[in-house]
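The file data_19.cif comes next; it holds mmCIF, C-alpha atoms.
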```cif
data_protein
#
loop_
_atom_site.label_atom_id
_atom_site.label_comp_id
_atom_site.auth_asym_id
_atom_site.auth_seq_id
_atom_site.Cartn_x
_atom_site.Cartn_y
_atom_site.Cartn_z
CA MET A 1 19.51 22.41 -11.01
CA GLY A 2 17.30 23.10 -14.04
CA LYS A 3 13.69 22.12 -14.45
CA PRO A 4 13.57 18.45 -15.47
CA ILE A 5 12.20 17.32 -18.82
CA LEU A 6 9.23 15.13 -17.95
CA ASP A 7 9.20 12.38 -20.54
CA ARG A 8 9.36 8.62 -20.29
CA ARG A 9 13.13 8.62 -20.57
CA ASN A 10 13.24 10.34 -17.19
CA PHE A 11 10.51 8.24 -15.65
CA ILE A 12 11.27 4.83 -17.17
CA SER A 13 14.90 4.11 -17.98
CA LYS A 14 15.77 0.54 -18.81
CA THR A 15 17.88 -2.06 -17.07
CA ALA A 16 17.93 -5.78 -17.73
CA ILE A 17 19.08 -6.75 -14.27
CA GLY A 18 16.78 -9.20 -12.57
CA THR A 19 13.62 -8.29 -14.42
CA ILE A 20 12.84 -11.47 -16.31
CA GLY A 21 12.77 -13.51 -13.13
CA VAL A 22 10.67 -10.93 -11.32
CA ALA A 23 8.11 -10.73 -14.11
CA GLY A 24 7.80 -14.49 -14.14
CA ILE A 25 7.27 -14.62 -10.40
CA LEU A 26 4.63 -11.90 -10.44
CA ASN A 27 2.69 -13.35 -13.35
CA ALA A 28 2.73 -16.75 -11.66
CA CYS A 29 0.69 -15.21 -8.84
CA SER A 30 -2.45 -15.05 -11.01
CA THR A 31 -5.56 -16.37 -9.29
CA GLY A 32 -7.67 -16.41 -12.42
CA LYS A 33 -7.93 -20.22 -12.44
CA THR A 34 -9.54 -20.36 -9.00
CA LYS A 35 -12.97 -19.57 -10.48
CA LYS A 36 -13.13 -23.09 -11.93
CA GLN A 37 -13.68 -24.68 -8.52
CA GLU A 38 -15.75 -23.93 -5.45
CA ILE A 39 -13.66 -21.76 -3.16
CA GLN A 40 -13.92 -21.75 0.62
CA LEU A 41 -12.41 -19.03 2.77
CA PRO A 42 -9.98 -19.65 5.60
CA GLU A 43 -11.26 -19.19 9.13
CA LEU A 44 -10.75 -15.71 10.54
CA LEU A 45 -10.01 -15.71 14.26
CA ASP A 46 -11.31 -12.93 16.50
CA GLN A 47 -8.06 -13.05 18.43
CA ALA A 48 -4.67 -14.64 17.92
CA PRO A 49 -4.02 -17.74 20.04
CA ASP A 50 -2.03 -17.46 23.25
CA GLY A 51 1.65 -18.27 23.25
CA LYS A 52 5.02 -17.03 24.33
CA VAL A 53 5.52 -13.28 24.51
CA LEU A 54 6.09 -11.68 21.11
CA LYS A 55 7.89 -8.35 21.12
CA ALA A 56 7.37 -5.83 18.35
CA GLY A 57 9.31 -2.71 17.46
CA LEU A 58 7.65 0.20 15.66
CA ILE A 59 9.61 2.04 12.97
CA GLY A 60 7.81 5.24 12.01
CA CYS A 61 5.86 6.78 14.88
CA GLY A 62 3.38 9.03 13.10
CA GLY A 63 -0.37 8.63 13.21
CA ARG A 64 -0.57 5.41 11.17
CA GLY A 65 2.43 3.93 12.96
CA THR A 66 0.94 4.66 16.36
CA GLY A 67 -2.33 3.16 15.15
CA ALA A 68 -0.54 0.02 13.93
CA ALA A 69 1.12 -0.40 17.33
CA ILE A 70 -2.27 -0.19 19.06
CA ASN A 71 -3.74 -2.64 16.52
CA PHE A 72 -0.90 -5.09 17.24
CA LEU A 73 -1.51 -4.94 20.98
CA ASP A 74 -5.23 -5.56 20.36
CA ALA A 75 -4.56 -8.69 18.30
CA GLY A 76 -4.17 -11.16 21.17
CA PRO A 77 -2.52 -12.03 24.48
CA ASN A 78 1.17 -11.73 25.39
CA LEU A 79 1.97 -9.10 22.78
CA GLN A 80 4.29 -6.22 23.58
CA ILE A 81 5.56 -3.05 21.93
CA THR A 82 9.09 -2.70 23.28
CA ALA A 83 10.93 -0.31 20.92
CA LEU A 84 10.23 2.82 18.89
CA GLY A 85 12.17 4.49 16.10
CA ASP A 86 11.67 7.71 14.13
CA VAL A 87 13.71 10.57 12.70
CA PHE A 88 11.85 13.06 14.91
CA GLN A 89 11.83 13.10 18.70
CA ASP A 90 8.41 14.74 18.87
CA LYS A 91 6.90 11.84 16.90
CA ILE A 92 8.33 9.37 19.39
CA ASP A 93 7.11 11.43 22.33
CA ASN A 94 3.57 11.63 20.96
CA CYS A 95 3.52 7.93 20.13
CA ARG A 96 4.77 6.92 23.59
CA ALA A 97 2.15 9.09 25.25
CA GLU A 98 -0.70 7.67 23.17
CA ILE A 99 0.32 4.05 23.71
CA LYS A 100 0.56 4.70 27.45
CA THR A 101 -2.83 6.45 27.54
CA LEU A 102 -4.70 3.89 25.43
CA LYS A 103 -2.98 0.67 26.46
CA GLY A 104 -1.14 1.42 29.69
CA VAL A 105 2.16 0.43 28.07
CA GLU A 106 5.39 2.30 28.76
CA ILE A 107 8.35 2.03 26.40
CA ALA A 108 11.72 2.43 28.08
CA ASP A 109 13.88 5.42 27.22
CA GLU A 110 16.73 3.16 26.18
CA ASN A 111 14.49 1.54 23.56
CA CYS A 112 13.48 4.78 21.84
CA PHE A 113 15.76 5.63 18.94
CA VAL A 114 15.98 8.83 16.89
CA GLY A 115 17.62 9.31 13.50
CA PHE A 116 17.84 7.87 10.03
CA ASP A 117 19.52 4.78 11.50
CA ALA A 118 16.81 4.28 14.12
CA PHE A 119 15.37 1.35 12.13
CA GLU A 120 18.60 -0.60 12.61
CA LYS A 121 18.55 0.02 16.35
CA VAL A 122 14.92 -1.06 16.67
CA ILE A 123 15.64 -4.25 14.71
CA ASP A 124 18.63 -4.98 16.95
CA SER A 125 16.74 -4.30 20.21
CA GLY A 126 15.58 -7.88 20.79
CA VAL A 127 12.23 -7.72 19.00
CA ASP A 128 10.57 -10.61 17.18
CA ILE A 129 8.48 -8.49 14.80
CA VAL A 130 8.97 -5.10 13.19
CA LEU A 131 6.10 -2.80 12.26
CA LEU A 132 7.25 -0.70 9.28
CA CYS A 133 5.22 2.51 9.10
CA THR A 134 7.54 5.23 7.85
CA PRO A 135 6.84 7.12 4.63
CA PRO A 136 6.92 4.38 1.99
CA HIS A 137 10.12 5.54 0.27
CA PHE A 138 12.01 3.92 3.13
CA ARG A 139 10.06 0.65 3.10
CA PRO A 140 12.31 -1.43 0.81
CA ALA A 141 15.48 -0.79 2.82
CA HIS A 142 13.69 -1.40 6.11
CA VAL A 143 12.13 -4.63 4.83
CA GLU A 144 15.52 -5.86 3.63
CA ALA A 145 17.16 -5.10 6.97
CA ALA A 146 14.37 -6.80 8.92
CA VAL A 147 14.46 -9.96 6.82
CA ASN A 148 18.26 -10.12 6.97
CA ALA A 149 17.93 -9.97 10.76
CA ARG A 150 15.28 -12.76 10.63
CA LYS A 151 12.42 -10.67 11.96
CA HIS A 152 8.78 -11.11 11.03
CA VAL A 153 7.38 -8.08 9.21
CA PHE A 154 4.25 -5.97 9.15
CA MET A 155 4.69 -3.40 6.39
CA GLU A 156 2.26 -0.58 5.78
CA LYS A 157 1.09 0.15 2.27
CA PRO A 158 2.45 0.91 -0.22
CA ILE A 159 5.58 -1.21 -0.14
CA ALA A 160 7.57 1.13 -2.43
CA VAL A 161 7.33 4.31 -4.50
CA ASP A 162 9.29 3.13 -7.55
CA PRO A 163 10.08 -0.07 -9.49
CA VAL A 164 13.55 -0.42 -7.94
CA GLY A 165 12.02 -0.46 -4.47
CA ALA A 166 9.27 -2.86 -5.49
CA ARG A 167 11.80 -5.35 -6.86
CA SER A 168 13.80 -5.05 -3.66
CA VAL A 169 10.75 -5.92 -1.55
CA LEU A 170 9.99 -8.90 -3.78
CA ALA A 171 13.55 -10.19 -3.36
CA SER A 172 13.28 -9.76 0.42
CA ALA A 173 9.93 -11.55 0.38
CA LYS A 174 11.39 -14.56 -1.42
CA LYS A 175 14.20 -14.70 1.13
CA ALA A 176 11.71 -14.41 3.99
CA GLU A 177 9.66 -17.27 2.55
CA ALA A 178 12.76 -19.45 2.27
CA ILE A 179 13.63 -19.00 5.95
CA GLY A 180 10.07 -19.26 7.28
CA LEU A 181 9.36 -15.62 8.15
CA CYS A 182 5.89 -14.06 8.00
CA MET A 183 5.14 -10.87 6.07
CA VAL A 184 1.82 -9.02 6.17
CA SER A 185 1.04 -5.71 4.47
CA GLY A 186 -1.45 -3.01 5.36
CA THR A 187 -3.91 -2.97 2.47
CA ILE A 188 -6.62 -4.46 4.77
CA ARG A 189 -9.36 -5.54 2.29
CA ARG A 190 -8.04 -9.05 1.68
CA VAL A 191 -8.47 -9.81 5.39
CA GLN A 192 -11.84 -8.04 5.79
CA LYS A 193 -14.60 -10.63 6.00
CA ASP A 194 -17.27 -8.82 3.97
CA TYR A 195 -14.78 -8.14 1.18
CA MET A 196 -13.48 -11.72 1.36
CA GLU A 197 -16.94 -13.26 1.11
CA THR A 198 -17.88 -10.99 -1.80
CA TRP A 199 -14.71 -12.02 -3.61
CA ARG A 200 -15.57 -15.67 -2.94
CA GLN A 201 -19.05 -15.23 -4.40
CA VAL A 202 -17.56 -13.73 -7.57
CA ALA A 203 -14.75 -16.27 -7.79
CA ASN A 204 -17.36 -19.02 -7.63
CA GLY A 205 -19.20 -17.57 -10.63
CA GLY A 206 -21.71 -15.19 -9.02
CA ILE A 207 -21.48 -12.65 -11.86
CA GLY A 208 -20.11 -14.94 -14.56
CA GLU A 209 -16.68 -14.31 -16.05
CA ILE A 210 -14.99 -11.02 -15.08
CA ILE A 211 -14.75 -8.66 -18.05
CA GLY A 212 -13.69 -5.35 -16.49
CA ALA A 213 -13.86 -2.96 -13.56
CA ASN A 214 -14.69 0.61 -12.56
CA ILE A 215 -12.67 1.79 -9.56
CA ILE A 216 -13.02 5.26 -8.03
CA ARG A 217 -11.82 6.95 -4.86
CA ASN A 218 -12.79 10.61 -4.71
CA GLY A 219 -12.33 12.43 -1.42
CA GLY A 220 -11.10 15.57 0.22
CA ALA A 221 -7.59 16.92 0.33
CA LEU A 222 -5.09 15.41 2.71
CA TRP A 223 -3.22 17.42 5.29
CA TYR A 224 -0.24 19.56 4.40
CA ARG A 225 2.34 21.60 6.28
CA ASN A 226 3.81 24.90 5.16
CA ARG A 227 7.54 25.19 5.42
CA GLN A 228 8.87 26.73 8.63
CA PRO A 229 11.95 29.00 8.58
CA GLN A 230 13.99 26.67 10.79
CA TRP A 231 13.38 23.59 8.65
CA THR A 232 15.96 22.33 6.20
CA ASP A 233 14.89 20.90 2.84
CA MET A 234 14.91 17.38 4.27
CA GLU A 235 12.88 18.23 7.37
CA TYR A 236 10.33 20.14 5.30
CA MET A 237 9.80 17.21 2.95
CA LEU A 238 9.66 14.62 5.73
CA ARG A 239 7.15 16.61 7.79
CA ASN A 240 5.10 17.19 4.61
CA TRP A 241 5.70 13.72 3.19
CA VAL A 242 2.24 12.95 1.76
CA ASN A 243 2.79 15.80 -0.72
CA PHE A 244 6.12 14.65 -2.20
CA CYS A 245 6.28 11.87 -4.76
CA TRP A 246 9.64 10.49 -3.66
CA LEU A 247 8.30 9.93 -0.15
CA SER A 248 4.70 8.86 -0.78
CA GLY A 249 4.50 7.80 -4.43
CA ASP A 250 1.70 10.36 -4.93
CA HIS A 251 -1.82 9.62 -3.72
CA ILE A 252 -2.50 7.13 -6.51
CA THR A 253 0.12 4.92 -4.84
CA GLU A 254 -0.09 5.97 -1.22
CA GLN A 255 -3.89 5.94 -0.80
CA PHE A 256 -5.63 4.69 -3.96
CA ILE A 257 -3.64 1.45 -3.65
CA HIS A 258 -6.42 0.15 -1.36
CA GLU A 259 -8.90 0.17 -4.23
CA ILE A 260 -6.35 -0.83 -6.88
CA ASP A 261 -5.46 -3.83 -4.72
CA VAL A 262 -9.12 -4.87 -4.62
CA MET A 263 -9.21 -4.66 -8.42
CA ASN A 264 -5.99 -6.66 -8.73
CA TRP A 265 -7.37 -9.29 -6.34
CA TYR A 266 -10.40 -9.83 -8.58
CA MET A 267 -8.60 -9.59 -11.92
CA GLY A 268 -5.95 -12.12 -10.94
CA GLN A 269 -3.53 -10.79 -13.54
CA ASN A 270 -1.47 -7.72 -14.28
CA PRO A 271 -2.48 -5.16 -16.90
CA VAL A 272 -0.30 -4.98 -20.01
CA THR A 273 -0.72 -1.24 -20.62
CA ALA A 274 -1.89 1.89 -18.88
CA ILE A 275 -2.89 5.24 -20.35
CA GLY A 276 -3.76 7.99 -17.94
CA TRP A 277 -4.04 11.65 -17.22
CA GLY A 278 -4.18 13.86 -14.20
CA GLY A 279 -3.26 17.25 -12.93
CA ARG A 280 -3.24 19.70 -10.12
CA GLN A 281 -5.72 22.41 -9.30
CA ARG A 282 -5.86 22.83 -5.53
CA ARG A 283 -2.87 21.16 -3.86
CA ILE A 284 -0.82 23.76 -1.99
CA THR A 285 2.59 22.17 -1.44
CA GLY A 286 4.81 19.45 -2.86
CA ASP A 287 5.21 18.10 -6.37
CA GLN A 288 2.15 15.86 -6.81
CA TYR A 289 -1.17 15.80 -8.62
CA ASP A 290 -4.55 16.03 -6.94
CA PHE A 291 -6.47 13.94 -9.48
CA PHE A 292 -5.83 10.91 -11.70
CA SER A 293 -7.79 8.95 -14.31
CA ILE A 294 -6.22 5.75 -15.64
CA GLU A 295 -7.37 3.07 -18.06
CA TYR A 296 -5.69 -0.30 -17.58
CA VAL A 297 -5.82 -2.82 -20.43
CA TYR A 298 -5.26 -6.57 -19.99
CA ASP A 299 -3.93 -9.07 -22.50
CA ASN A 300 -7.36 -10.70 -22.89
CA GLY A 301 -8.96 -7.39 -23.82
CA MET A 302 -10.39 -6.52 -20.39
CA ARG A 303 -10.32 -2.87 -19.44
CA ALA A 304 -10.50 -1.24 -16.05
CA HIS A 305 -11.05 2.45 -15.44
CA CYS A 306 -9.56 3.86 -12.23
CA ALA A 307 -9.94 7.43 -11.01
CA ALA A 308 -8.95 9.23 -7.82
CA ARG A 309 -9.22 12.81 -6.62
CA GLN A 310 -8.24 14.69 -3.45
CA ILE A 311 -9.96 18.08 -3.62
CA ASN A 312 -12.24 19.65 -1.03
CA GLY A 313 -15.74 20.83 -1.93
CA CYS A 314 -16.47 18.21 -4.60
CA THR A 315 -18.78 15.20 -4.80
CA ASN A 316 -17.01 12.33 -3.08
CA ARG A 317 -17.53 8.73 -3.98
CA LYS A 318 -15.85 5.35 -3.59
CA VAL A 319 -16.67 2.74 -6.23
CA GLU A 320 -15.24 -0.78 -6.40
CA GLN A 321 -17.32 -2.26 -9.21
CA ILE A 322 -16.28 -5.52 -10.83
CA ASN A 323 -18.10 -6.24 -14.09
CA GLY A 324 -19.01 -9.73 -15.25
CA THR A 325 -20.81 -11.47 -18.09
CA LYS A 326 -23.88 -12.09 -15.88
CA GLY A 327 -23.83 -9.04 -13.60
CA TYR A 328 -21.58 -6.87 -11.52
CA ALA A 329 -20.29 -6.68 -7.96
CA ASP A 330 -19.81 -3.97 -5.39
CA ALA A 331 -16.70 -5.42 -3.77
CA GLY A 332 -17.88 -4.16 -0.38
CA GLY A 333 -20.71 -6.69 -0.26
CA ILE A 334 -23.37 -6.74 -3.02
CA LEU A 335 -23.89 -8.61 -6.31
CA TYR A 336 -26.26 -7.37 -9.04
CA ASP A 337 -27.61 -8.87 -12.22
CA LEU A 338 -27.22 -7.08 -15.56
CA ASN A 339 -30.45 -5.15 -14.95
CA GLY A 340 -29.19 -3.74 -11.67
CA ASN A 341 -31.25 -6.02 -9.44
CA GLU A 342 -29.61 -7.09 -6.21
CA ILE A 343 -29.01 -10.85 -6.24
CA TRP A 344 -26.82 -11.27 -3.15
CA LYS A 345 -25.82 -9.11 -0.21
CA TYR A 346 -23.38 -9.69 2.61
CA PRO A 347 -25.47 -10.49 5.72
CA LYS A 348 -24.04 -7.84 8.03
CA PRO A 349 -25.17 -8.42 11.63
CA GLU A 350 -27.06 -5.88 13.65
CA GLU A 351 -24.96 -3.26 15.39
CA GLY A 352 -23.68 -4.62 18.69
CA ASP A 353 -24.04 -8.28 17.68
CA THR A 354 -20.65 -9.76 18.55
CA THR A 355 -21.62 -13.41 18.18
CA SER A 356 -22.74 -13.51 14.55
CA PRO A 357 -20.51 -15.60 12.24
CA TRP A 358 -20.77 -12.68 9.82
CA LYS A 359 -19.25 -10.17 12.23
CA VAL A 360 -16.48 -8.16 10.57
CA THR A 361 -13.42 -7.68 12.75
CA ASN A 362 -11.61 -4.37 12.38
CA PRO A 363 -9.33 -5.20 9.41
CA TYR A 364 -6.52 -3.09 10.85
CA VAL A 365 -6.50 -5.50 13.80
CA GLN A 366 -7.26 -8.60 11.69
CA GLU A 367 -3.97 -8.14 9.84
CA HIS A 368 -2.10 -8.49 13.10
CA ILE A 369 -4.29 -11.35 14.30
CA ASP A 370 -3.36 -13.24 11.14
CA LEU A 371 0.33 -12.37 11.52
CA VAL A 372 0.55 -13.45 15.15
CA THR A 373 -1.50 -16.59 14.50
CA ALA A 374 0.83 -17.61 11.69
CA ILE A 375 3.89 -17.09 13.88
CA ARG A 376 2.47 -18.99 16.85
CA THR A 377 1.14 -21.91 14.81
CA GLY A 378 4.30 -22.25 12.76
CA LYS A 379 2.42 -21.76 9.47
CA PRO A 380 4.14 -18.81 7.76
CA ILE A 381 2.06 -16.43 5.65
CA SER A 382 2.97 -13.67 3.21
CA ASP A 383 0.99 -11.33 0.96
CA ALA A 384 4.11 -9.51 -0.19
CA GLU A 385 3.98 -10.58 -3.84
CA ALA A 386 0.38 -9.43 -4.19
CA GLN A 387 1.35 -6.05 -2.74
CA VAL A 388 4.31 -5.73 -5.08
CA ASN A 389 1.88 -6.26 -7.96
CA SER A 390 -0.60 -3.69 -6.69
CA THR A 391 2.11 -1.14 -5.96
CA LEU A 392 3.58 -1.51 -9.44
CA ILE A 393 0.14 -1.11 -11.03
CA THR A 394 -0.31 2.22 -9.26
CA ILE A 395 3.19 3.34 -10.27
CA MET A 396 2.42 2.37 -13.87
CA GLY A 397 -0.66 4.60 -13.81
CA ARG A 398 1.19 7.47 -12.14
CA ILE A 399 3.97 7.48 -14.71
CA SER A 400 1.45 7.49 -17.55
CA ALA A 401 -0.40 10.44 -16.02
CA TYR A 402 2.83 12.34 -15.31
CA THR A 403 4.11 11.89 -18.87
CA GLY A 404 0.91 11.73 -20.92
CA LYS A 405 2.24 8.56 -22.55
CA GLU A 406 1.07 4.96 -22.66
CA VAL A 407 3.14 2.82 -20.30
CA THR A 408 3.48 -0.95 -20.57
CA TRP A 409 3.93 -3.54 -17.85
CA GLU A 410 7.13 -4.63 -19.58
CA GLU A 411 8.53 -1.11 -19.28
CA ILE A 412 7.69 -1.00 -15.58
CA MET A 413 9.31 -4.39 -15.03
CA ASN A 414 12.45 -3.20 -16.82
CA SER A 415 12.57 0.23 -15.18
CA ASP A 416 15.46 1.42 -13.05
CA LEU A 417 13.47 4.43 -11.82
CA TYR A 418 14.51 5.34 -8.29
CA LEU A 419 12.95 8.31 -6.50
CA GLY A 420 14.70 10.25 -3.77
CA PRO A 421 18.23 10.96 -2.56
CA LYS A 422 20.73 8.16 -2.10
CA THR A 423 21.88 9.44 1.30
CA TYR A 424 19.83 10.92 4.12
CA GLU A 425 20.76 13.84 6.31
CA PHE A 426 19.11 17.01 7.52
CA GLY A 427 20.14 19.79 5.21
CA PRO A 428 19.74 20.80 1.56
CA VAL A 429 18.34 18.28 -0.93
CA PRO A 430 19.31 20.03 -4.19
CA GLU A 431 18.51 17.06 -6.44
CA ILE A 432 14.78 17.24 -5.61
CA GLU A 433 12.82 20.35 -6.56
CA GLU A 434 9.21 21.22 -5.76
CA VAL A 435 8.24 21.02 -9.44
CA ILE A 436 4.85 19.77 -10.65
CA PRO A 437 4.86 17.40 -13.65
CA VAL A 438 3.44 18.97 -16.83
CA VAL A 439 2.62 16.68 -19.76
CA GLY A 440 3.05 17.24 -23.47
CA VAL A 441 4.47 20.25 -25.25
CA THR A 442 3.40 23.86 -25.51
CA ASN A 443 0.70 24.66 -28.04
CA GLU A 444 2.41 27.31 -30.12
CA PRO A 445 0.33 30.01 -31.90
CA GLU A 446 0.05 30.01 -35.64
CA VAL A 447 2.25 32.53 -37.33
#
```
Is it possible to give me this structure as structure tokens?
Amino acid sequence: MGKPILDRRNFISKTAIGTIGVAGILNACSTGKTKKQEIQLPELLDQAPDGKVLKAGLIGCGGRGTGAAINFLDAGPNLQITALGDVFQDKIDNCRAEIKTLKGVEIADENCFVGFDAFEKVIDSGVDIVLLCTPPHFRPAHVEAAVNARKHVFMEKPIAVDPVGARSVLASAKKAEAIGLCMVSGTIRRVQKDYMETWRQVANGGIGEIIGANIIRNGGALWYRNRQPQWTDMEYMLRNWVNFCWLSGDHITEQFIHEIDVMNWYMGQNPVTAIGWGGRQRRITGDQYDFFSIEYVYDNGMRAHCAARQINGCTNRKVEQINGTKGYADAGGILYDLNGNEIWKYPKPEEGDTTSPWKVTNPYVQEHIDLVTAIRTGKPISDAEAQVNSTLITIMGRISAYTGKEVTWEEIMNSDLYLGPKTYEFGPVPEIEEVIPVVGVTNEPEV
């Protein structure tokens, strides 16, 4: 297979199927009007209420999946992890051992499933809830299968790596809503009390009207694994998944989505265009970039600058600044006036104070508290549409950076871009090469 030509025709091909309805649904999710009235936050429980036993099955037993299983068990009484699924036996073995060590829970051999079809077996094992924590490429198919089986869903971020997958999750979410299922995603900030209260302050006019944002996540390099002689193409990519775009969506989608989701929460609308750049200087394996810089433009003229980097030995910084007509906000808990003077700060309790009403519960647990509470009280919840939006915004920025071209929201909504193979088996994957995107054309010398 030859080296692909990296232009927008490759990255954004058009299809008219289902896009008008999806765009309408997503744009209808705008929260911009909420600033016109005084907003109060819902109560956050420290623990889900008691009730009948709820059984959860974990699909994807790596570090984050194992963590999600522990978080679920910590969310309240009468909660069980009863089934595990992964493509690798060693991942299941490590997950079982950690759950037993930390929580004293043993998962039966007959409820541990290995292979690309393990998700189906977990779903069919008698569980009430599925925890979807595989590499995100697989999320749309797993969400669809879970909803079709009438299971409640916790889905780790991001919910897809391409527009086709994002639309699939949205369709599943609408079906889940119609049949009363709950869906919660793993972007954490919207259930974190200090972030929630800061958003409320801004939504109630604390910095005036929002006019833009500056969003940065600069940190060190993520882990990688060199290829071993015994690994096939598929095993190499799966064991090194955070470095392949078809599996992770690149770090702008897989990790920076946390900060992009905060921005999207405040903006309350989708950008109409993105222009970005990025590149690769230090990443060792895979086909991804290690830095991005994206400008998002909104139809009312607002602009947001978003930048992310994963390179060791550099200055690291996380910025979630929302700019307003009367000041600006640090989304983590501070408001400033236009002169940089602090005008409000989240009243974080002293360390060890567990009784303060301002105590912030671990958001990784709070997600599951909210999920279980909704199930047990019969009041379904879903943040799926918001996560579809945030995922698509990151994909929009990634495509612009990969191609060096401006990308519009309309193009993303009409894109039939699908990343990855159509069938899964251990062996060669000739349609996917370890090729790094290079933008533009060669600068030829003058003759």
Point to revise | Using only C-alpha atoms: which of A:Lys326, A:His142, A:Arg398, A:His152 has the shortest distance to Lys121 in chain A | key: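 Between A:Lys326, A:His142, A:Arg398, A:His152, the residue approaching Lys121 in chain A most closely is A:His142.
Minimum atom-to-atom distances from A:Cys61, A:Ala176, A:Ile92, A:Ala304 to Thr134 in chain A were compared using all atoms listed in the file, and the lowest value belongs to A:Cys61.
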Point to revise | Length of the CA of Phe154 in chain A to CA of Ile129 in chain A vector [Å] | key: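 Spanning CA of Phe154 in chain A to CA of Ile129 in chain A is a straight-line distance of 7.5 Å.
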What's the 10 Å shell around range 179-182 of chain A, counting all atoms listed in the file, without same-chain residues fewer than 5 positions away, as a CSV table (one decimal) with C-alpha atoms, keeping the file's coordinate frame?
```csv
chain,number,residue,atom,x,y,z
A,129,ILE,CA,8.5,-8.5,14.8
A,147,VAL,CA,14.5,-10.0,6.8
A,150,ARG,CA,15.3,-12.8,10.6
A,151,LYS,CA,12.4,-10.7,12.0
A,152,HIS,CA,8.8,-11.1,11.0
A,153,VAL,CA,7.4,-8.1,9.2
A,154,PHE,CA,4.2,-6.0,9.2
A,173,ALA,CA,9.9,-11.6,0.4
A,174,LYS,CA,11.4,-14.6,-1.4
A,370,ASP,CA,-3.4,-13.2,11.1
A,371,LEU,CA,0.3,-12.4,11.5
A,372,VAL,CA,0.6,-13.4,15.2
A,374,ALA,CA,0.8,-17.6,11.7
A,375,ILE,CA,3.9,-17.1,13.9
A,378,GLY,CA,4.3,-22.2,12.8
A,379,LYS,CA,2.4,-21.8,9.5
A,380,PRO,CA,4.1,-18.8,7.8
A,381,ILE,CA,2.1,-16.4,5.6
A,382,SER,CA,3.0,-13.7,3.2
A,383,ASP,CA,1.0,-11.3,1.0
A,384,ALA,CA,4.1,-9.5,-0.2
```
Point to revise | Distance query Gly313 in chain A at most 12 Å, only C-alpha atoms, self and fewer than 5 positions along chain excluded, as a PyMOL selection string | key: chain A and resi 218-221+282
Evaluate the PyMOL selection byres ((chain A and resi 344) around 10) here and jot the selected residues down as a PDB file with C-alpha atoms, in the coordinates of the input.
```pdb
ATOM      1  CA  THR A 198     -17.880 -10.990  -1.800  1.00  0.00           C
ATOM      2  CA  GLN A 201     -19.050 -15.230  -4.400  1.00  0.00           C
ATOM      3  CA  GLY A 206     -21.710 -15.190  -9.020  1.00  0.00           C
ATOM      4  CA  ALA A 329     -20.290  -6.680  -7.960  1.00  0.00           C
ATOM      5  CA  GLY A 333     -20.710  -6.690  -0.260  1.00  0.00           C
ATOM      6  CA  ILE A 334     -23.370  -6.740  -3.020  1.00  0.00           C
ATOM      7  CA  LEU A 335     -23.890  -8.610  -6.310  1.00  0.00           C
ATOM      8  CA  TYR A 336     -26.260  -7.370  -9.040  1.00  0.00           C
ATOM      9  CA  ASP A 337     -27.610  -8.870 -12.220  1.00  0.00           C
ATOM     10  CA  ASN A 341     -31.250  -6.020  -9.440  1.00  0.00           C
ATOM     11  CA  GLU A 342     -29.610  -7.090  -6.210  1.00  0.00           C
ATOM     12  CA  ILE A 343     -29.010 -10.850  -6.240  1.00  0.00           C
ATOM     13  CA  LYS A 345     -25.820  -9.110  -0.210  1.00  0.00           C
ATOM     14  CA  TYR A 346     -23.380  -9.690   2.610  1.00  0.00           C
ATOM     15  CA  PRO A 347     -25.470 -10.490   5.720  1.00  0.00           C
TER      16      PRO A 347
END
```
Practice item. Between CA of Glu38 in chain A and CA of Lys359 in chain A, measure the distance and give it in Å to one decimal. Key: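 Value for the CA of Glu38 in chain A-CA of Lys359 in chain A distance: 22.7 Å.
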Exercise for review: Show which residues sit within 10 Å of Asn264 in chain A, as a ChimeraX atom specification. Count only C-alpha atoms, and ignore same-chain residues fewer than 2 positions away.
Suggested key: /A:30-31,213,257,259-262,266-271,386-387,389-390,393
Practice item. Determine the residue set returned by the PyMOL selection byres ((chain A and resi 217) around 10) for the present structure, and present it as an MDAnalysis selection string. Key: chainID A and resid 215:216 218:219 252 255:260 291:292 306:310 316:320
Practice item. One decimal, Å: what's the distance from CA of Leu84 in chain A over to CA of Leu238 in chain A, could you say? Key: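 A separation of 17.7 Å between them.
Of the residues under consideration (A:Asn226, A:Thr273, A:Thr232, A:Thr315), A:Thr232 shows the shortest atom-to-atom contact distance to Glu425 in chain A when counting all atoms listed in the file.
Among A:Asp90, A:Glu406, A:Glu254, A:Asp50, the residue with the shortest atom-to-atom distance to Trp277 in chain A, counting only C-alpha atoms, is A:Glu406.
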Any chance you could tabulate, as a tab-separated table, the residues of range 101-212 of chain A at most 12 Å from range 294-298 of chain A with each one's nearest atom pair and distance in Å to one decimal, using only C-alpha atoms, in chain and rising number order?
```
residue	atom	partner	partner_atom	distance
A:Ile210	CA	A:Tyr298	CA	11.8
A:Ile211	CA	A:Tyr298	CA	9.9
A:Gly212	CA	A:Val297	CA	9.2
```
